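*Asks:* Just so it is clear, I am handing over start-v9.tsv, which has TSV, C-alpha atoms and all ligand atoms.
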```
chain	number	residue	atom	x	y	z
A	1	MET	CA	0.00	0.00	0.00
A	2	VAL	CA	1.54	3.32	-1.15
A	3	GLU	CA	1.13	6.10	1.43
A	4	ASN	CA	3.16	9.04	0.16
A	5	SER	CA	1.20	11.67	-1.86
A	6	ASP	CA	3.66	11.84	-4.77
A	7	ALA	CA	3.80	8.07	-5.01
A	8	LEU	CA	-0.01	7.95	-4.88
A	9	ARG	CA	-0.25	10.56	-7.62
A	10	ARG	CA	2.10	8.50	-9.81
A	11	ARG	CA	0.14	5.32	-9.09
A	12	ILE	CA	-3.15	7.09	-9.95
A	13	ALA	CA	-1.68	8.33	-13.27
A	14	GLU	CA	-0.55	4.77	-14.13
A	15	LEU	CA	-3.91	3.27	-13.21
A	16	LYS	CA	-5.78	5.88	-15.24
A	17	ARG	CA	-3.81	4.83	-18.33
A	18	GLU	CA	-4.27	1.11	-17.64
A	19	ARG	CA	-8.00	1.45	-17.00
A	20	ASN	CA	-8.69	4.12	-19.66
A	21	ALA	CA	-10.18	6.31	-16.93
A	22	VAL	CA	-10.66	10.04	-16.36
A	23	ILE	CA	-11.12	11.76	-13.01
A	24	LEU	CA	-13.85	14.39	-12.67
A	25	ALA	CA	-13.68	16.38	-9.42
A	26	HIS	CA	-15.80	19.06	-7.78
A	27	TYR	CA	-14.22	22.31	-6.54
A	28	TYR	CA	-15.14	21.37	-2.95
A	29	THR	CA	-12.78	18.37	-2.83
A	30	THR	CA	-9.39	18.74	-1.10
A	31	PRO	CA	-6.45	20.44	-2.91
A	32	GLU	CA	-4.73	17.03	-3.21
A	33	VAL	CA	-7.75	15.48	-4.89
A	34	GLN	CA	-8.14	18.52	-7.15
A	35	SER	CA	-4.50	18.04	-8.21
A	36	VAL	CA	-5.22	14.64	-9.84
A	37	ALA	CA	-8.41	15.75	-11.63
A	38	ASP	CA	-8.57	15.73	-15.43
A	39	PHE	CA	-11.52	18.05	-15.17
A	40	LEU	CA	-12.50	20.24	-12.25
A	41	GLY	CA	-15.88	21.92	-12.19
A	42	ASP	CA	-19.11	22.84	-10.48
A	43	SER	CA	-22.04	20.47	-10.60
A	44	LEU	CA	-23.44	21.75	-13.91
A	45	ALA	CA	-20.08	21.73	-15.70
A	46	LEU	CA	-19.33	18.22	-14.39
A	47	SER	CA	-22.69	16.85	-15.62
A	48	VAL	CA	-22.11	18.35	-19.05
A	49	LYS	CA	-18.50	17.15	-19.17
A	50	ALA	CA	-19.43	13.56	-18.23
A	51	GLN	CA	-21.30	13.23	-21.53
A	52	SER	CA	-18.35	14.16	-23.73
A	53	VAL	CA	-15.73	12.01	-22.02
A	54	ASP	CA	-14.00	9.53	-24.38
A	55	ALA	CA	-12.62	7.22	-21.71
A	56	GLU	CA	-14.41	4.00	-20.77
A	57	VAL	CA	-14.27	4.75	-17.07
A	58	ILE	CA	-15.22	7.89	-15.11
A	59	LEU	CA	-13.97	8.13	-11.56
A	60	PHE	CA	-16.10	10.76	-9.83
A	61	ALA	CA	-14.32	12.58	-7.04
A	62	GLY	CA	-17.30	14.18	-5.36
A	63	VAL	CA	-20.44	13.21	-3.51
A	64	HIS	CA	-22.79	10.37	-4.38
A	65	PHE	CA	-25.50	12.29	-6.27
A	66	MET	CA	-22.87	13.72	-8.64
A	67	ALA	CA	-21.53	10.27	-9.59
A	68	GLU	CA	-25.11	9.06	-9.99
A	69	THR	CA	-25.82	11.96	-12.38
A	70	ALA	CA	-22.78	10.97	-14.46
A	71	LYS	CA	-24.03	7.36	-14.64
A	72	VAL	CA	-27.54	8.47	-15.63
A	73	LEU	CA	-26.04	10.45	-18.52
A	74	CYS	CA	-23.45	7.83	-19.49
A	75	PRO	CA	-25.02	4.38	-19.00
A	76	ASP	CA	-22.41	2.68	-21.19
A	77	LYS	CA	-19.50	3.88	-19.09
A	78	ARG	CA	-18.34	2.48	-15.79
A	79	VAL	CA	-18.71	5.22	-13.17
A	80	LEU	CA	-16.58	4.64	-10.10
A	81	ILE	CA	-17.07	6.41	-6.79
A	82	PRO	CA	-14.13	6.32	-4.35
A	83	CYS	CA	-16.33	7.08	-1.38
A	84	PRO	CA	-19.93	5.86	-1.80
A	85	GLU	CA	-20.74	6.91	1.78
A	86	ALA	CA	-20.04	10.56	0.83
A	87	GLY	CA	-23.64	11.76	0.74
A	88	CYS	CA	-25.04	15.27	0.78
A	89	SER	CA	-27.20	16.77	3.52
A	90	LEU	CA	-29.36	18.46	0.91
A	91	ALA	CA	-30.00	15.26	-1.09
A	92	GLU	CA	-30.66	13.41	2.17
A	93	SER	CA	-33.20	16.02	3.25
A	94	CYS	CA	-35.47	14.85	0.42
A	95	PRO	CA	-36.15	11.08	0.45
A	96	ALA	CA	-37.84	9.91	-2.79
A	97	GLU	CA	-40.84	8.21	-1.10
A	98	GLU	CA	-41.68	11.34	0.92
A	99	PHE	CA	-41.17	13.49	-2.11
A	100	ALA	CA	-43.60	11.31	-4.13
A	101	ARG	CA	-46.26	11.91	-1.43
A	102	PHE	CA	-45.52	15.66	-1.43
A	103	LYS	CA	-45.78	15.80	-5.24
A	104	ALA	CA	-49.16	14.00	-5.14
A	105	ARG	CA	-50.52	16.87	-3.02
A	106	TYR	CA	-49.84	19.36	-5.84
A	107	PRO	CA	-51.27	17.92	-9.07
A	108	GLY	CA	-50.57	19.89	-12.25
A	109	HIS	CA	-47.36	21.42	-10.89
A	110	THR	CA	-44.12	21.31	-12.87
A	111	VAL	CA	-41.42	19.75	-10.71
A	112	VAL	CA	-38.04	21.51	-10.67
A	113	SER	CA	-35.33	19.78	-8.61
A	114	TYR	CA	-31.82	20.84	-7.86
A	115	VAL	CA	-29.28	18.24	-9.05
A	116	ASN	CA	-28.40	17.74	-5.37
A	117	THR	CA	-31.00	14.95	-5.19
A	118	THR	CA	-31.02	11.17	-5.43
A	119	VAL	CA	-31.80	9.43	-8.70
A	120	GLY	CA	-35.21	8.52	-7.20
A	121	VAL	CA	-36.14	12.20	-6.80
A	122	LYS	CA	-34.81	13.04	-10.27
A	123	ALA	CA	-37.12	10.35	-11.67
A	124	LEU	CA	-40.08	12.27	-10.14
A	125	THR	CA	-38.82	15.56	-11.60
A	126	ASP	CA	-39.73	17.34	-14.83
A	127	ILE	CA	-36.62	19.45	-15.06
A	128	CYS	CA	-33.49	19.56	-12.93
A	129	CYS	CA	-31.45	22.66	-12.22
A	130	THR	CA	-28.18	23.60	-10.55
A	131	SER	CA	-27.38	26.86	-8.81
A	132	SER	CA	-25.85	27.95	-12.16
A	133	ASN	CA	-29.05	27.73	-14.13
A	134	ALA	CA	-31.95	27.66	-11.62
A	135	LEU	CA	-33.14	31.10	-12.74
A	136	GLN	CA	-33.11	30.20	-16.45
A	137	VAL	CA	-34.80	26.85	-15.72
A	138	VAL	CA	-37.65	28.47	-13.79
A	139	GLU	CA	-37.97	31.22	-16.41
A	140	SER	CA	-38.24	28.54	-19.14
A	141	ILE	CA	-41.55	27.41	-17.57
A	142	PRO	CA	-44.56	29.46	-18.76
A	143	ALA	CA	-45.64	32.17	-16.30
A	144	GLY	CA	-48.77	31.08	-14.47
A	145	GLN	CA	-47.75	27.41	-14.47
A	146	PRO	CA	-47.45	26.31	-10.81
A	147	ILE	CA	-44.08	24.88	-9.78
A	148	ILE	CA	-42.73	22.56	-7.09
A	149	PHE	CA	-39.12	23.46	-6.27
A	150	ALA	CA	-36.99	20.96	-4.35
A	151	PRO	CA	-35.09	20.37	-2.20
A	152	ASP	CA	-33.26	23.58	-1.17
A	153	ARG	CA	-35.49	26.10	0.63
A	154	ASN	CA	-32.91	28.88	0.40
A	155	LEU	CA	-32.22	28.55	-3.34
A	156	GLY	CA	-35.98	28.15	-3.89
A	157	SER	CA	-36.85	31.32	-1.95
A	158	TYR	CA	-34.10	33.25	-3.72
A	159	ILE	CA	-35.39	32.18	-7.17
A	160	ARG	CA	-38.99	32.89	-6.15
A	161	LYS	CA	-37.96	36.39	-5.13
A	162	LEU	CA	-35.98	37.00	-8.35
A	163	THR	CA	-38.76	35.75	-10.63
A	164	GLY	CA	-41.74	36.94	-8.58
A	165	ARG	CA	-43.27	33.45	-9.12
A	166	GLU	CA	-45.66	33.27	-6.19
A	167	ASN	CA	-47.09	29.96	-7.43
A	168	MET	CA	-43.96	28.07	-6.39
A	169	VAL	CA	-44.17	25.47	-3.60
A	170	ILE	CA	-40.79	24.84	-1.96
A	171	TRP	CA	-39.56	21.65	-0.27
A	172	ASN	CA	-38.08	22.31	3.17
A	173	GLY	CA	-34.50	21.05	2.67
A	174	ALA	CA	-31.11	22.64	3.30
A	175	CYS	CA	-27.34	22.16	3.07
A	176	HIS	CA	-25.50	21.86	6.40
A	177	VAL	CA	-22.57	23.93	5.08
A	178	HIS	CA	-24.39	26.89	3.58
A	179	GLU	CA	-26.93	27.25	6.38
A	180	GLU	CA	-24.26	27.67	9.06
A	181	PHE	CA	-22.77	31.05	8.15
A	182	SER	CA	-23.08	33.69	10.84
A	183	LEU	CA	-24.46	37.12	9.91
A	184	GLU	CA	-22.82	38.72	12.92
A	185	LYS	CA	-19.37	37.38	11.99
A	186	LEU	CA	-19.86	38.28	8.34
A	187	LEU	CA	-20.76	41.89	9.25
A	188	GLN	CA	-17.67	42.03	11.51
A	189	LEU	CA	-15.49	40.84	8.59
A	190	LYS	CA	-17.05	43.51	6.36
A	191	ARG	CA	-16.11	46.16	8.94
A	192	GLU	CA	-12.53	44.84	9.06
A	193	HIS	CA	-12.29	44.74	5.23
A	194	PRO	CA	-14.45	47.63	3.99
A	195	ALA	CA	-13.18	47.38	0.39
A	196	ALA	CA	-13.89	43.66	0.13
A	197	ARG	CA	-16.77	42.36	-2.01
A	198	VAL	CA	-19.01	39.76	-0.39
A	199	VAL	CA	-19.70	36.78	-2.67
A	200	VAL	CA	-22.43	34.35	-1.61
A	201	HIS	CA	-23.78	30.98	-2.82
A	202	PRO	CA	-27.61	30.99	-3.11
A	203	GLU	CA	-27.89	27.98	-0.75
A	204	CYS	CA	-27.18	30.44	2.10
A	205	ARG	CA	-29.96	31.86	4.25
A	206	SER	CA	-31.82	34.95	2.97
A	207	TYR	CA	-30.34	37.30	5.61
A	208	ILE	CA	-26.82	36.36	4.33
A	209	ILE	CA	-27.88	36.80	0.68
A	210	GLU	CA	-29.17	40.29	1.55
A	211	VAL	CA	-25.69	41.58	2.43
A	212	ALA	CA	-24.02	40.09	-0.67
A	213	ASP	CA	-22.42	42.13	-3.43
A	214	PHE	CA	-22.74	39.10	-5.69
A	215	VAL	CA	-24.86	35.94	-5.45
A	216	GLY	CA	-24.05	33.00	-7.70
A	217	SER	CA	-23.10	29.39	-8.23
A	218	THR	CA	-19.55	28.16	-7.73
A	219	ALA	CA	-18.70	28.86	-11.40
A	220	ALA	CA	-20.39	32.27	-11.40
A	221	ILE	CA	-18.57	33.32	-8.20
A	222	LEU	CA	-15.23	32.25	-9.70
A	223	GLU	CA	-15.89	34.28	-12.81
A	224	TYR	CA	-17.08	37.33	-10.85
A	225	CYS	CA	-13.91	37.40	-8.73
A	226	GLY	CA	-11.85	37.58	-11.92
A	227	THR	CA	-13.80	40.39	-13.54
A	228	ALA	CA	-14.78	42.50	-10.49
A	229	ASP	CA	-12.82	45.67	-9.92
A	230	ALA	CA	-11.77	44.63	-6.39
A	231	GLU	CA	-8.73	43.07	-4.73
A	232	GLU	CA	-10.40	41.48	-1.71
A	233	PHE	CA	-13.36	39.13	-1.45
A	234	ILE	CA	-15.20	37.65	1.51
A	235	VAL	CA	-16.25	34.21	0.33
A	236	VAL	CA	-19.49	32.85	1.77
A	237	THR	CA	-19.60	29.31	0.44
A	238	GLU	CA	-17.74	26.04	0.88
A	239	SER	CA	-14.08	26.83	1.51
A	240	GLY	CA	-12.69	24.34	-1.09
A	241	ILE	CA	-13.40	26.92	-3.78
A	242	LEU	CA	-10.60	29.11	-2.37
A	243	VAL	CA	-8.00	26.75	-3.88
A	244	GLU	CA	-9.20	27.52	-7.40
A	245	MET	CA	-9.69	31.23	-6.64
A	246	GLN	CA	-6.13	31.63	-5.40
A	247	LYS	CA	-4.80	29.60	-8.35
A	248	ARG	CA	-6.64	31.72	-10.94
A	249	TYR	CA	-6.24	35.14	-9.32
A	250	SER	CA	-3.01	34.94	-7.37
A	251	THR	CA	-2.75	38.71	-6.74
A	252	LYS	CA	-6.21	38.95	-5.15
A	253	ARG	CA	-7.09	38.11	-1.56
A	254	PHE	CA	-9.85	35.70	-0.58
A	255	ILE	CA	-11.18	35.58	2.96
A	256	PRO	CA	-13.36	32.60	3.94
A	257	ALA	CA	-16.46	33.58	5.92
A	258	PRO	CA	-16.68	31.70	9.23
A	259	PRO	CA	-19.59	29.54	10.30
A	260	ASP	CA	-21.50	30.33	13.48
A	261	ASP	CA	-19.57	27.75	15.47
A	262	GLU	CA	-15.96	28.09	14.32
A	263	THR	CA	-14.92	24.86	16.00
A	264	CYS	CA	-17.24	22.79	13.78
A	265	GLY	CA	-15.39	23.47	10.49
A	266	CYS	CA	-18.82	23.79	8.90
A	267	ASN	CA	-17.65	25.90	5.96
A	268	ASN	CA	-16.11	22.62	4.80
A	269	CYS	CA	-18.36	20.00	3.24
A	270	ARG	CA	-17.41	16.96	5.29
A	271	PHE	CA	-18.73	14.67	2.56
A	272	MET	CA	-16.53	16.15	-0.18
A	273	LYS	CA	-13.51	15.93	2.12
A	274	MET	CA	-14.05	12.17	2.56
A	275	VAL	CA	-12.52	11.59	-0.89
A	276	THR	CA	-8.77	11.01	-0.59
A	277	LEU	CA	-5.91	10.12	-2.94
A	278	GLY	CA	-5.62	6.72	-1.23
A	279	LYS	CA	-9.30	5.97	-1.90
A	280	ILE	CA	-8.98	7.09	-5.53
A	281	ALA	CA	-5.97	4.80	-6.11
A	282	ASP	CA	-7.70	1.90	-4.37
A	283	THR	CA	-10.89	2.38	-6.40
A	284	LEU	CA	-9.01	2.42	-9.72
A	285	GLU	CA	-7.07	-0.65	-8.62
A	286	ARG	CA	-10.20	-2.64	-7.72
A	287	MET	CA	-12.50	-0.99	-10.32
A	288	ALA	CA	-15.00	-0.69	-7.47
A	289	PRO	CA	-17.16	0.69	-5.91
A	290	GLU	CA	-19.20	1.36	-9.02
A	291	ILE	CA	-22.52	3.18	-9.52
A	292	VAL	CA	-25.27	0.82	-10.70
A	293	ILE	CA	-28.78	2.08	-11.52
A	294	GLY	CA	-31.75	0.05	-12.83
A	295	GLU	CA	-32.57	0.99	-16.46
A	296	GLU	CA	-36.17	2.09	-15.85
A	297	LEU	CA	-35.16	4.44	-13.04
A	298	ARG	CA	-32.18	5.71	-15.03
A	299	GLN	CA	-34.33	6.61	-18.03
A	300	ALA	CA	-36.87	8.44	-15.85
A	301	ALA	CA	-34.08	10.45	-14.21
A	302	GLU	CA	-32.29	11.09	-17.50
A	303	ARG	CA	-35.26	12.97	-18.96
A	304	SER	CA	-35.15	15.57	-16.15
A	305	ILE	CA	-31.39	16.08	-16.50
A	306	ARG	CA	-31.56	16.34	-20.30
A	307	ASN	CA	-34.38	18.89	-19.98
A	308	MET	CA	-32.04	20.93	-17.78
A	309	ILE	CA	-29.08	20.67	-20.15
A	310	ALA	CA	-31.33	21.90	-22.98
A	311	VAL	CA	-31.84	25.18	-21.04
A	312	LYS	CA	-28.84	27.43	-21.40
A	313	GLY	CA	-27.32	28.29	-17.99
A	314	LYS	CA	-24.40	30.27	-16.74
B	401	LIG	P1	-22.57	24.07	-7.48
B	401	LIG	O1	-23.82	23.81	-8.27
B	401	LIG	O2	-22.28	25.52	-7.37
B	401	LIG	O3	-21.44	23.23	-7.95
B	401	LIG	O4	-22.86	23.63	-6.00
B	401	LIG	C1	-22.89	22.29	-5.66
B	401	LIG	C2	-23.11	22.12	-4.26
B	401	LIG	O5	-23.08	21.04	-3.74
B	401	LIG	C3	-23.35	23.32	-3.50
B	401	LIG	O6	-23.32	23.06	-2.18
B	402	LIG	FE1	-24.33	18.78	-0.32
B	402	LIG	FE2	-23.90	21.01	1.00
B	402	LIG	FE3	-21.88	19.34	0.58
B	402	LIG	FE4	-22.95	20.75	-1.44
B	402	LIG	S1	-21.84	21.55	0.32
B	402	LIG	S2	-22.44	18.58	-1.46
B	402	LIG	S3	-25.11	20.79	-0.85
B	402	LIG	S4	-23.71	18.94	1.82
```
Any chance you could give the structure as structure tokens?
*Replies:*
Amino acid sequence: MVENSDALRRRIAELKRERNAVILAHYYTTPEVQSVADFLGDSLALSVKAQSVDAEVILFAGVHFMAETAKVLCPDKRVLIPCPEAGCSLAESCPAEEFARFKARYPGHTVVSYVNTTVGVKALTDICCTSSNALQVVESIPAGQPIIFAPDRNLGSYIRKLTGRENMVIWNGACHVHEEFSLEKLLQLKREHPAARVVVHPECRSYIIEVADFVGSTAAILEYCGTADAEEFIVVTESGILVEMQKRYSTKRFIPAPPDDETCGCNNCRFMKMVTLGKIADTLERMAPEIVIGEELRQAAERSIRNMIAVKGK
């Protein structure tokens, strides 16, 4: 068993060649994991990328729903997940059976679900969205058509406010990372760094969104920090994104916003951090664990993801 990081990186490179595999990783994974990725992205970019991959094997360095999405879109490829127990508090806040009962209470509604859901929820969904394209997805539905939005209550409320769509029922789910930011500590940081721009992910609570200079998905925040006429940014989202920010804009300064309880490390997604180089090497070695989805369920889920990809997002 190879322990050293450089040796692990070399072993992973060898195994990728032997297995004809590519590694897709989310920005929230650790810097070490990001360093072995062939493609690094936010959840929308990763879903789109999965479809155009030539390799026979996709190793998904991220949480379970992301690897599942890749498998739904690429049924002929083997999709490996180094850490199948890496879930997502948002996806877990919306079990498919409960969601089916909820949906039955609102007949005639169009169901919009964030990609942070299980394949079972996606199969009950008309059109998926990510934080990158939620606005465009909701706007693609005719005004007056009632909508169910799941599972993130904060993203849902934010989109309802932006679009003025009062006929939108929102599932009561949340992400443990984005709900934990403290307004008091954020305002203190703003006082200490008056020239800094505050950038916020829309999964945060509304009172945090209200003090933002910019609200957007991981990709949109990254782009904004490059184009904004500012040198300092207070970053109110998962702290893994700072690696890419610092890499792209090395002269700018990025300050992570603290969670309410600073001892909990809650501005880190504990699920994303479960993926390690050792687990990646081991997974490529054993070609397991692998995502397996029944064909009927996969096809039902695929329709909702394809409907999302057909809507242009940012
Ligand atoms: P993005 O859609 O910005 O990648 O966000 C994914 C996620 O899990 C947010 O918590
Ligand atoms: Fe899920 Fe939140 Fe982690 Fe994103 S940050 S994967 S929403 S638990």
*Asks:* Write out as a PDB file with C-alpha atoms, in the coordinates of the input each polymer residue whose atoms come within 12 Å of Val198 of chain A, counting all atoms listed in the file; drop sequence neighbours fewer than 5 positions from it.
*Replies:*
```
ATOM      1  CA  LEU A 183     -24.460  37.120   9.910  1.00  0.00           C
ATOM      2  CA  LEU A 186     -19.860  38.280   8.340  1.00  0.00           C
ATOM      3  CA  LEU A 187     -20.760  41.890   9.250  1.00  0.00           C
ATOM      4  CA  LEU A 189     -15.490  40.840   8.590  1.00  0.00           C
ATOM      5  CA  LYS A 190     -17.050  43.510   6.360  1.00  0.00           C
ATOM      6  CA  ARG A 191     -16.110  46.160   8.940  1.00  0.00           C
ATOM      7  CA  HIS A 193     -12.290  44.740   5.230  1.00  0.00           C
ATOM      8  CA  ILE A 208     -26.820  36.360   4.330  1.00  0.00           C
ATOM      9  CA  ILE A 209     -27.880  36.800   0.680  1.00  0.00           C
ATOM     10  CA  GLU A 210     -29.170  40.290   1.550  1.00  0.00           C
ATOM     11  CA  VAL A 211     -25.690  41.580   2.430  1.00  0.00           C
ATOM     12  CA  ALA A 212     -24.020  40.090  -0.670  1.00  0.00           C
ATOM     13  CA  ASP A 213     -22.420  42.130  -3.430  1.00  0.00           C
ATOM     14  CA  PHE A 214     -22.740  39.100  -5.690  1.00  0.00           C
ATOM     15  CA  VAL A 215     -24.860  35.940  -5.450  1.00  0.00           C
ATOM     16  CA  GLY A 216     -24.050  33.000  -7.700  1.00  0.00           C
ATOM     17  CA  ILE A 221     -18.570  33.320  -8.200  1.00  0.00           C
ATOM     18  CA  TYR A 224     -17.080  37.330 -10.850  1.00  0.00           C
ATOM     19  CA  CYS A 225     -13.910  37.400  -8.730  1.00  0.00           C
ATOM     20  CA  ALA A 228     -14.780  42.500 -10.490  1.00  0.00           C
ATOM     21  CA  ALA A 230     -11.770  44.630  -6.390  1.00  0.00           C
ATOM     22  CA  GLU A 231      -8.730  43.070  -4.730  1.00  0.00           C
ATOM     23  CA  GLU A 232     -10.400  41.480  -1.710  1.00  0.00           C
ATOM     24  CA  PHE A 233     -13.360  39.130  -1.450  1.00  0.00           C
ATOM     25  CA  ILE A 234     -15.200  37.650   1.510  1.00  0.00           C
ATOM     26  CA  VAL A 235     -16.250  34.210   0.330  1.00  0.00           C
ATOM     27  CA  VAL A 236     -19.490  32.850   1.770  1.00  0.00           C
ATOM     28  CA  THR A 237     -19.600  29.310   0.440  1.00  0.00           C
ATOM     29  CA  PHE A 254      -9.850  35.700  -0.580  1.00  0.00           C
ATOM     30  CA  ILE A 255     -11.180  35.580   2.960  1.00  0.00           C
ATOM     31  CA  PRO A 256     -13.360  32.600   3.940  1.00  0.00           C
ATOM     32  CA  ALA A 257     -16.460  33.580   5.920  1.00  0.00           C
TER      33      ALA A 257
END
```
*Asks:* What does the distance from atom CA of Val311 of chain A to atom CA of Asn133 of chain A come to in Å, to one decimal?
*Replies:*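 These two atoms are separated by 7.9 Å.
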*Asks:* Write out as a Markdown table the residues of chain A that have any atom within 9 Å of an atom of ligand LIG 401 (chain B), one row each with the nearest atom pair and its distance in Å to one decimal, counting only C-alpha atoms and all ligand atoms, sorted by chain and then rising number.
*Replies:*
```
| residue | atom | partner | partner_atom | distance |
| --- | --- | --- | --- | --- |
| A:His26 | CA | B:LIG401 | O3 | 7.0 |
| A:Tyr27 | CA | B:LIG401 | O3 | 7.4 |
| A:Tyr28 | CA | B:LIG401 | O5 | 8.0 |
| A:Gly41 | CA | B:LIG401 | O3 | 7.1 |
| A:Asp42 | CA | B:LIG401 | O3 | 3.5 |
| A:Ser43 | CA | B:LIG401 | O3 | 3.9 |
| A:Leu44 | CA | B:LIG401 | O1 | 6.0 |
| A:Ala45 | CA | B:LIG401 | O3 | 8.0 |
| A:Leu46 | CA | B:LIG401 | O3 | 8.4 |
| A:Val63 | CA | B:LIG401 | O5 | 8.3 |
| A:Met66 | CA | B:LIG401 | O5 | 8.8 |
| A:Cys88 | CA | B:LIG401 | O5 | 7.6 |
| A:Leu90 | CA | B:LIG401 | O6 | 8.2 |
| A:Tyr114 | CA | B:LIG401 | O1 | 8.5 |
| A:Val115 | CA | B:LIG401 | O1 | 7.8 |
| A:Asn116 | CA | B:LIG401 | O5 | 6.5 |
| A:Cys129 | CA | B:LIG401 | O1 | 8.7 |
| A:Thr130 | CA | B:LIG401 | O1 | 4.9 |
| A:Ser131 | CA | B:LIG401 | O1 | 4.7 |
| A:Ser132 | CA | B:LIG401 | O1 | 6.0 |
| A:Asn133 | CA | B:LIG401 | O1 | 8.8 |
| A:Cys175 | CA | B:LIG401 | O6 | 6.7 |
| A:His176 | CA | B:LIG401 | O6 | 8.9 |
| A:Val177 | CA | B:LIG401 | O6 | 7.4 |
| A:His178 | CA | B:LIG401 | O6 | 7.0 |
| A:His201 | CA | B:LIG401 | O2 | 7.3 |
| A:Pro202 | CA | B:LIG401 | O2 | 8.7 |
| A:Glu203 | CA | B:LIG401 | O6 | 6.9 |
| A:Gly216 | CA | B:LIG401 | O2 | 7.7 |
| A:Ser217 | CA | B:LIG401 | O2 | 4.0 |
| A:Thr218 | CA | B:LIG401 | O2 | 3.8 |
| A:Ala219 | CA | B:LIG401 | O2 | 6.3 |
| A:Ala220 | CA | B:LIG401 | O2 | 8.1 |
| A:Ile221 | CA | B:LIG401 | O2 | 8.7 |
| A:Thr237 | CA | B:LIG401 | O6 | 7.7 |
| A:Glu238 | CA | B:LIG401 | O6 | 7.0 |
| A:Cys269 | CA | B:LIG401 | O6 | 8.0 |
| A:Met272 | CA | B:LIG401 | O5 | 8.9 |
```
*Asks:* How many Å separate atom CA of Leu162 of chain A from atom CA of Glu92 of chain A?
*Replies:*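 We find that atom CA of Leu162 of chain A and atom CA of Glu92 of chain A lie 26.4 Å from each other.
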*Asks:* Would you mind reading off the distance between atom CA of Ala100 of chain A and atom S2 of ligand LIG 402 (chain B), one decimal, in Å?
*Replies:* 22.5 Å
*Asks:* Which of these residues is nearest to ligand LIG 402 (chain B), using only C-alpha atoms and all ligand atoms: A:Glu14, A:Asp260, A:Glu180, A:Glu244?
*Replies:* A:Glu180
*Asks:* Which is closest to ligand LIG 402 (chain B) among A:Pro194, A:Pro151, A:Gly294, A:Pro82, if we use all atoms listed in the file?
*Replies:*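 Looking only at the distances to ligand LIG 402 (chain B), the closest residue turns out to be A:Pro151.
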*Asks:* Just give me the residues with any atom within 7 Å of (-13.0, 5.5, -2.5), file coordinates, counting only C-alpha atoms, written as a short mmCIF file (atom, residue, chain, number, x, y, z; two decimals) with C-alpha atoms, in the frame of the given file.
*Replies:*
```
data_model
loop_
_atom_site.label_atom_id
_atom_site.label_comp_id
_atom_site.auth_asym_id
_atom_site.auth_seq_id
_atom_site.Cartn_x
_atom_site.Cartn_y
_atom_site.Cartn_z
CA ILE A 81 -17.07 6.41 -6.79
CA PRO A 82 -14.13 6.32 -4.35
CA CYS A 83 -16.33 7.08 -1.38
CA PRO A 84 -19.93 5.86 -1.80
CA VAL A 275 -12.52 11.59 -0.89
CA LYS A 279 -9.30 5.97 -1.90
CA ILE A 280 -8.98 7.09 -5.53
CA ASP A 282 -7.70 1.90 -4.37
CA THR A 283 -10.89 2.38 -6.40
#
```
*Asks:* Padding 3 Å on every side, please: axis-aligned box over the listed atoms of ligand LIG 402 (chain B), centre and edge lengths to one decimal in Å, as JSON.
*Replies:*
```
{"center_x": -23.5, "center_y": 20.1, "center_z": 0.2, "size_x": 9.3, "size_y": 9.0, "size_z": 9.3}
```
*Asks:* Might you pull out every residue within 12 Å of Pro107 of chain A, with all atoms listed in the file counted and same-chain residues fewer than 2 positions away left off, and present them as a PDB file with C-alpha atoms, keeping the file's coordinate frame?
*Replies:*
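Below is the file out_13.pdb, written as the result:
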```pdb
ATOM      1  CA  ALA A 100     -43.600  11.310  -4.130  1.00  0.00           C
ATOM      2  CA  ARG A 101     -46.260  11.910  -1.430  1.00  0.00           C
ATOM      3  CA  PHE A 102     -45.520  15.660  -1.430  1.00  0.00           C
ATOM      4  CA  LYS A 103     -45.780  15.800  -5.240  1.00  0.00           C
ATOM      5  CA  ALA A 104     -49.160  14.000  -5.140  1.00  0.00           C
ATOM      6  CA  ARG A 105     -50.520  16.870  -3.020  1.00  0.00           C
ATOM      7  CA  HIS A 109     -47.360  21.420 -10.890  1.00  0.00           C
ATOM      8  CA  THR A 110     -44.120  21.310 -12.870  1.00  0.00           C
ATOM      9  CA  VAL A 111     -41.420  19.750 -10.710  1.00  0.00           C
ATOM     10  CA  GLN A 145     -47.750  27.410 -14.470  1.00  0.00           C
ATOM     11  CA  PRO A 146     -47.450  26.310 -10.810  1.00  0.00           C
ATOM     12  CA  ILE A 147     -44.080  24.880  -9.780  1.00  0.00           C
ATOM     13  CA  ILE A 148     -42.730  22.560  -7.090  1.00  0.00           C
ATOM     14  CA  VAL A 169     -44.170  25.470  -3.600  1.00  0.00           C
TER      15      VAL A 169
END
```
